[in-house]
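Okay, so here's the structure we're looking at.
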Amino acid sequence: MTDPIFDVVVVGSANLDLVANLDHLPMPGETLIALGYAEYPGGKGVNQAVACARMGATTAFVGCVGNDDAGSLLRSVLEGEGIDTSHLRTVDAPTGRAFINVDNHGENAIVVVAGANALVGKEEQFDIPRSRVVLAQLEVPLETIEVAFSQARSNGAVAVLNPAPARDIPKSLLSLANIVVPNETESAAIGGTVNLLNLGATTVITTLGADGASIESTSSNTHIAPYNVTPVDTVGAGDAFIGATCAELSRGVSIEDAARMGAIAGALATTVKGAVPSLPTRQAVLAAQKSVQ
Ligand code: RIB
């Protein structure tokens, strides 16, 4: 195998997040007046790529944006973080949008309009750059992730799947993932840890919100303790966890140590509003880790 070019390649979505702050999340049929409003760069793919880069991993992003202001903003955010965008295409569709409600406990509800994200990998020749880790989520076409993971496996990279948002995933795709990182809801939607291990995943890391995370393989089960904070906005917390975990994995540390850094990164991300603005640096994660040792 030739040397990988990047530590982590992220194949994923790029969204403009339209965030309304509310006293509580709306009930069916209810109209609410927002207490605040802001727009942030986001999308699970962009968030996870930025999380990796802030954790010190050389990172490339594979995705699509539209030929519009939101697309230009997202491209410049990625470039500003030092992320390689040579596989970020500008396509003839609007940049993805996420409509996000955040309540006064920091809980959220999100609706994503795919836009340009639906075109990721929809070109005749789809190749991802070589890397140690290939990370994908489910806001881009599933066939594209399958191709990316096939390439990852034949290049000797570790394929990490964040099955978010929860949706039906073909076995042919699940069986290509080495590591699957769902939250509890997503885990239930794809048949739970036992199903994932039976399909070929070596490890399943389930994020448990304020309870930390669990790491399961066929031979072991480890609980990762939470890092306690007072959350103001949980948007992007899962992305911070996964990005940090993948960045650490690309350094060759154990999966347990990687997930411990991930858990701290995820917790820190809940203390700042917005997705991309909340993603911590490795220095901040290390400082927080030291404060509890
Ligand atoms: O995980 C949070 C992200 O989900 C938001 O940034 C939003 O864009 C959606 O993709």
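Chain labels A, B, ... are given in the sequence in which chains occur in the structure tokens; within each chain residues are numbered consecutively from 1, and ligands are likewise numbered from 1 in the order shown.
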
Worksheet item: Excluding same-chain residues fewer than 6 positions from range 205-207 of chain A, what lies within 6 Å of it counting only C-alpha atoms, as a list in words?
Response: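 The residues that qualify are Val181, Pro182, Asn183, Ala213, Ser214 and Ile215 of chain A.
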
Worksheet item: In range 72-168 of chain A, what's helix (DSSP H, G or I) per DSSP? Answer as a list in words?
Response: Ser72, Leu73, Leu74, Arg75, Ser76, Val77, Leu78, Glu79, Gly80, Gly115, Ala116, Asn117, Ala118, Leu119, Leu142, Glu143, Thr144, Ile145, Glu146, Val147, Ala148, Phe149, Ser150, Gln151, Ala152, Arg153 and Ser154 of chain A

Kindly save the residues from that selection, with C-alpha atoms included, as a PDB file, in the first residue's frame.
```pdb
ATOM      1  CA  SER A  72     -19.127  29.924  -0.867  1.00  0.00           C
ATOM      2  CA  LEU A  73     -19.361  30.330   2.909  1.00  0.00           C
ATOM      3  CA  LEU A  74     -19.022  26.584   3.550  1.00  0.00           C
ATOM      4  CA  ARG A  75     -16.087  26.264   1.155  1.00  0.00           C
ATOM      5  CA  SER A  76     -14.283  29.150   2.843  1.00  0.00           C
ATOM      6  CA  VAL A  77     -14.963  27.719   6.321  1.00  0.00           C
ATOM      7  CA  LEU A  78     -13.405  24.389   5.305  1.00  0.00           C
ATOM      8  CA  GLU A  79     -10.425  26.105   3.685  1.00  0.00           C
ATOM      9  CA  GLY A  80     -10.001  28.357   6.710  1.00  0.00           C
ATOM     10  CA  GLY A 115     -30.083  20.056  -2.004  1.00  0.00           C
ATOM     11  CA  ALA A 116     -26.555  19.690  -3.372  1.00  0.00           C
ATOM     12  CA  ASN A 117     -25.772  16.908  -0.868  1.00  0.00           C
ATOM     13  CA  ALA A 118     -27.938  14.545  -2.938  1.00  0.00           C
ATOM     14  CA  LEU A 119     -25.353  14.824  -5.745  1.00  0.00           C
ATOM     15  CA  LEU A 142     -25.959   5.585   0.460  1.00  0.00           C
ATOM     16  CA  GLU A 143     -24.511   4.224  -2.830  1.00  0.00           C
ATOM     17  CA  THR A 144     -21.790   6.879  -2.579  1.00  0.00           C
ATOM     18  CA  ILE A 145     -20.834   5.809   0.946  1.00  0.00           C
ATOM     19  CA  GLU A 146     -20.719   2.205  -0.215  1.00  0.00           C
ATOM     20  CA  VAL A 147     -18.289   3.099  -3.012  1.00  0.00           C
ATOM     21  CA  ALA A 148     -16.187   5.219  -0.626  1.00  0.00           C
ATOM     22  CA  PHE A 149     -16.015   2.419   1.949  1.00  0.00           C
ATOM     23  CA  SER A 150     -15.100  -0.150  -0.729  1.00  0.00           C
ATOM     24  CA  GLN A 151     -12.223   2.114  -1.762  1.00  0.00           C
ATOM     25  CA  ALA A 152     -11.270   2.650   1.894  1.00  0.00           C
ATOM     26  CA  ARG A 153     -11.154  -1.078   2.566  1.00  0.00           C
ATOM     27  CA  SER A 154      -9.068  -1.847  -0.509  1.00  0.00           C
TER      28      SER A 154
END
```

Worksheet item: Of the candidates A:Val285, A:Leu135, A:Val120, A:Ala109, which one gets nearest to Pro165 in chain A if we count only C-alpha atoms?
Response: A:Ala109

Worksheet item: Counting only C-alpha atoms, what is within 10 Å of Pro226 in chain A, bar same-chain residues fewer than 2 positions away, as a PyMOL selection string?
Response: chain A and resi 207-213+223-224+228-229+260+262-264+266-267

What do you get as a compact mmCIF listing (two decimals) with N, CA, C and O atoms, in the first residue's frame if you pick all residues at most 10 Å from ligand 1, counting only C-alpha atoms and all ligand atoms?
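Here's the written file selection_38.txt:
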```
# COMPACT_ATOMS: atom_id res chain seq x y z
N GLY A 12 -19.28 13.58 3.15
CA GLY A 12 -20.50 13.97 3.86
C GLY A 12 -21.12 15.26 3.39
O GLY A 12 -20.79 15.80 2.34
N SER A 13 -22.05 15.71 4.21
CA SER A 13 -22.92 16.84 3.85
C SER A 13 -22.35 18.18 4.28
O SER A 13 -21.56 18.28 5.23
N ALA A 14 -22.80 19.21 3.57
CA ALA A 14 -22.48 20.60 3.91
C ALA A 14 -23.81 21.34 3.92
O ALA A 14 -24.52 21.37 2.91
N ASN A 15 -24.17 21.91 5.06
CA ASN A 15 -25.45 22.63 5.18
C ASN A 15 -25.25 24.02 5.75
O ASN A 15 -24.33 24.22 6.56
N LEU A 16 -26.15 24.92 5.39
CA LEU A 16 -26.27 26.15 6.16
C LEU A 16 -27.32 25.87 7.23
O LEU A 16 -28.44 25.44 6.91
N ASP A 17 -26.95 26.05 8.50
CA ASP A 17 -27.88 25.79 9.61
C ASP A 17 -28.65 27.06 9.95
O ASP A 17 -28.05 28.10 10.26
N LEU A 18 -29.98 26.98 9.90
CA LEU A 18 -30.86 28.11 10.24
C LEU A 18 -31.45 27.78 11.61
O LEU A 18 -32.29 26.89 11.73
N VAL A 19 -30.96 28.46 12.63
CA VAL A 19 -31.23 28.01 14.01
C VAL A 19 -32.14 28.99 14.74
O VAL A 19 -31.81 30.17 14.89
N TYR A 40 -25.47 29.38 10.89
CA TYR A 40 -24.12 28.87 11.11
C TYR A 40 -23.76 27.91 9.99
O TYR A 40 -24.64 27.21 9.46
N PRO A 41 -22.46 27.77 9.68
CA PRO A 41 -22.05 26.67 8.81
C PRO A 41 -22.29 25.36 9.55
O PRO A 41 -22.12 25.29 10.76
N GLY A 42 -22.72 24.33 8.84
CA GLY A 42 -23.00 23.04 9.48
C GLY A 42 -23.09 21.93 8.46
O GLY A 42 -22.49 21.99 7.37
N GLY A 43 -23.90 20.93 8.78
CA GLY A 43 -23.93 19.69 8.01
C GLY A 43 -23.03 18.69 8.74
O GLY A 43 -21.93 19.05 9.16
N LYS A 44 -23.53 17.47 8.89
CA LYS A 44 -22.74 16.50 9.67
C LYS A 44 -21.35 16.29 9.06
O LYS A 44 -20.37 16.11 9.78
N GLY A 45 -21.27 16.32 7.72
CA GLY A 45 -19.98 16.12 7.09
C GLY A 45 -19.01 17.25 7.40
O GLY A 45 -17.88 17.02 7.83
N VAL A 46 -19.46 18.48 7.19
CA VAL A 46 -18.59 19.64 7.46
C VAL A 46 -18.22 19.67 8.94
O VAL A 46 -17.05 19.86 9.31
N ASN A 47 -19.20 19.46 9.82
CA ASN A 47 -18.91 19.50 11.26
C ASN A 47 -17.83 18.47 11.62
O ASN A 47 -16.89 18.76 12.37
N GLN A 48 -17.98 17.26 11.10
CA GLN A 48 -17.03 16.21 11.47
C GLN A 48 -15.65 16.47 10.87
O GLN A 48 -14.62 16.18 11.49
N GLY A 96 -27.25 22.60 0.70
CA GLY A 96 -28.14 22.02 1.70
C GLY A 96 -28.47 22.99 2.82
O GLY A 96 -27.68 23.89 3.14
N ARG A 97 -29.66 22.82 3.40
CA ARG A 97 -30.10 23.66 4.51
C ARG A 97 -30.54 22.75 5.66
O ARG A 97 -31.11 21.68 5.42
N ALA A 98 -30.31 23.21 6.88
CA ALA A 98 -30.86 22.50 8.04
C ALA A 98 -31.67 23.49 8.86
O ALA A 98 -31.16 24.56 9.22
N PHE A 99 -32.94 23.16 9.10
CA PHE A 99 -33.82 24.00 9.92
C PHE A 99 -33.78 23.43 11.34
O PHE A 99 -34.20 22.29 11.56
N ILE A 100 -33.24 24.21 12.26
CA ILE A 100 -32.94 23.67 13.58
C ILE A 100 -33.66 24.47 14.66
O ILE A 100 -33.56 25.70 14.70
N ASN A 108 -32.42 19.74 20.74
CA ASN A 108 -32.71 20.25 19.40
C ASN A 108 -33.59 19.30 18.60
O ASN A 108 -33.71 18.11 18.92
N ALA A 109 -34.19 19.84 17.54
CA ALA A 109 -34.91 19.04 16.54
C ALA A 109 -34.51 19.62 15.18
O ALA A 109 -34.50 20.85 15.02
N ILE A 110 -34.16 18.74 14.23
CA ILE A 110 -33.55 19.21 12.97
C ILE A 110 -34.29 18.63 11.76
O ILE A 110 -34.60 17.44 11.73
N VAL A 111 -34.54 19.49 10.78
CA VAL A 111 -35.03 19.03 9.47
C VAL A 111 -33.99 19.44 8.43
O VAL A 111 -33.62 20.62 8.35
N VAL A 112 -33.51 18.47 7.64
CA VAL A 112 -32.49 18.76 6.63
C VAL A 112 -33.12 18.72 5.24
O VAL A 112 -33.88 17.80 4.92
N VAL A 113 -32.81 19.73 4.42
CA VAL A 113 -33.17 19.71 3.00
C VAL A 113 -31.87 19.44 2.24
O VAL A 113 -30.95 20.27 2.26
N ALA A 114 -31.79 18.30 1.58
CA ALA A 114 -30.50 17.81 1.06
C ALA A 114 -29.88 18.73 0.02
O ALA A 114 -28.67 19.01 0.07
N GLN A 137 -21.39 9.80 7.05
CA GLN A 137 -22.68 9.85 7.73
C GLN A 137 -23.74 9.62 6.66
O GLN A 137 -23.39 9.31 5.53
N LEU A 138 -25.03 9.78 7.02
CA LEU A 138 -26.09 9.39 6.08
C LEU A 138 -26.85 10.58 5.48
O LEU A 138 -28.02 10.44 5.14
N GLU A 139 -26.20 11.72 5.30
CA GLU A 139 -26.87 12.85 4.64
C GLU A 139 -26.45 12.96 3.18
O GLU A 139 -26.72 13.97 2.53
N ALA A 164 -26.23 8.49 10.88
CA ALA A 164 -27.09 9.61 11.23
C ALA A 164 -27.33 10.50 10.01
O ALA A 164 -26.39 10.75 9.26
N PRO A 165 -28.58 10.96 9.79
CA PRO A 165 -29.77 10.64 10.57
C PRO A 165 -30.21 9.20 10.34
O PRO A 165 -29.89 8.61 9.29
N THR A 234 -26.94 21.46 22.04
CA THR A 234 -26.34 20.14 21.75
C THR A 234 -26.08 19.92 20.25
O THR A 234 -25.56 18.87 19.88
N VAL A 235 -26.43 20.90 19.39
CA VAL A 235 -26.20 20.72 17.95
C VAL A 235 -24.70 20.55 17.69
O VAL A 235 -23.89 21.38 18.11
N GLY A 236 -24.33 19.47 17.02
CA GLY A 236 -22.92 19.25 16.66
C GLY A 236 -22.15 18.47 17.72
O GLY A 236 -20.98 18.13 17.49
N ALA A 237 -22.79 18.12 18.84
CA ALA A 237 -22.06 17.41 19.90
C ALA A 237 -21.63 16.01 19.42
O ALA A 237 -20.49 15.59 19.63
N GLY A 238 -22.55 15.32 18.76
CA GLY A 238 -22.21 14.00 18.22
C GLY A 238 -21.10 14.10 17.19
O GLY A 238 -20.20 13.25 17.11
N ASP A 239 -21.16 15.17 16.38
CA ASP A 239 -20.13 15.36 15.35
C ASP A 239 -18.76 15.60 15.98
O ASP A 239 -17.73 15.11 15.50
N ALA A 240 -18.76 16.38 17.08
CA ALA A 240 -17.50 16.63 17.80
C ALA A 240 -16.94 15.31 18.34
O ALA A 240 -15.73 15.04 18.23
N GLY A 274 -24.27 26.83 18.20
CA GLY A 274 -23.91 26.56 16.80
C GLY A 274 -23.09 25.31 16.68
O GLY A 274 -22.50 24.84 17.67
N ALA A 275 -23.02 24.75 15.47
CA ALA A 275 -22.28 23.50 15.26
C ALA A 275 -20.79 23.81 15.09
O ALA A 275 -20.00 23.59 16.02
N VAL A 276 -20.40 24.35 13.97
CA VAL A 276 -18.97 24.60 13.71
C VAL A 276 -18.33 25.47 14.79
O VAL A 276 -17.23 25.15 15.26
```

Worksheet item: Interatomic distance between CA of Val62 in chain A and CA of Ser278 in chain A?
Response: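 Separating CA of Val62 in chain A from CA of Ser278 in chain A is a distance of 21.8 Å.
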
Discussion item. Just checking: using only C-alpha atoms, which residue out of A:Thr245, A:Gly106, A:Ala136, A:Ser86 ends up closest to Thr271 in chain A?
Written reply: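 Using only C-alpha atoms, Thr271 in chain A sits closest to A:Gly106.
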
Leaving out Asp23 in chain A and any residue of its chain fewer than 3 positions from it, which residues lie within 9 Å of it when counting only C-alpha atoms, given as a CSV table (one decimal) with C-alpha atoms, in the first residue's frame?
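Writing done, so here's selection38.csv:
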```
chain,number,residue,atom,x,y,z
A,32,LEU,CA,-44.0,29.6,18.3
A,34,ALA,CA,-38.4,32.5,18.4
A,35,LEU,CA,-36.4,34.0,21.2
A,102,VAL,CA,-33.1,24.6,20.0
A,103,ASP,CA,-35.0,24.7,23.3
A,104,ASN,CA,-33.8,26.3,26.6
A,105,HIS,CA,-32.2,23.1,27.8
```

Practice prompt. Please provide as number ranges by chain all residues within 9 Å of Ala53 in chain A, with the sequence filter that same-chain residues fewer than 4 positions apart are discarded (counting only C-alpha atoms).
Written response: A: 8, 48-49, 57-59, 81-83, 243-244, 247, 281

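For the set A:Ala225, A:Ala38, A:Pro4, A:Met27, the residue with the smallest atom-to-atom gap to Gln289 in chain A is A:Ala225, counting only C-alpha atoms.
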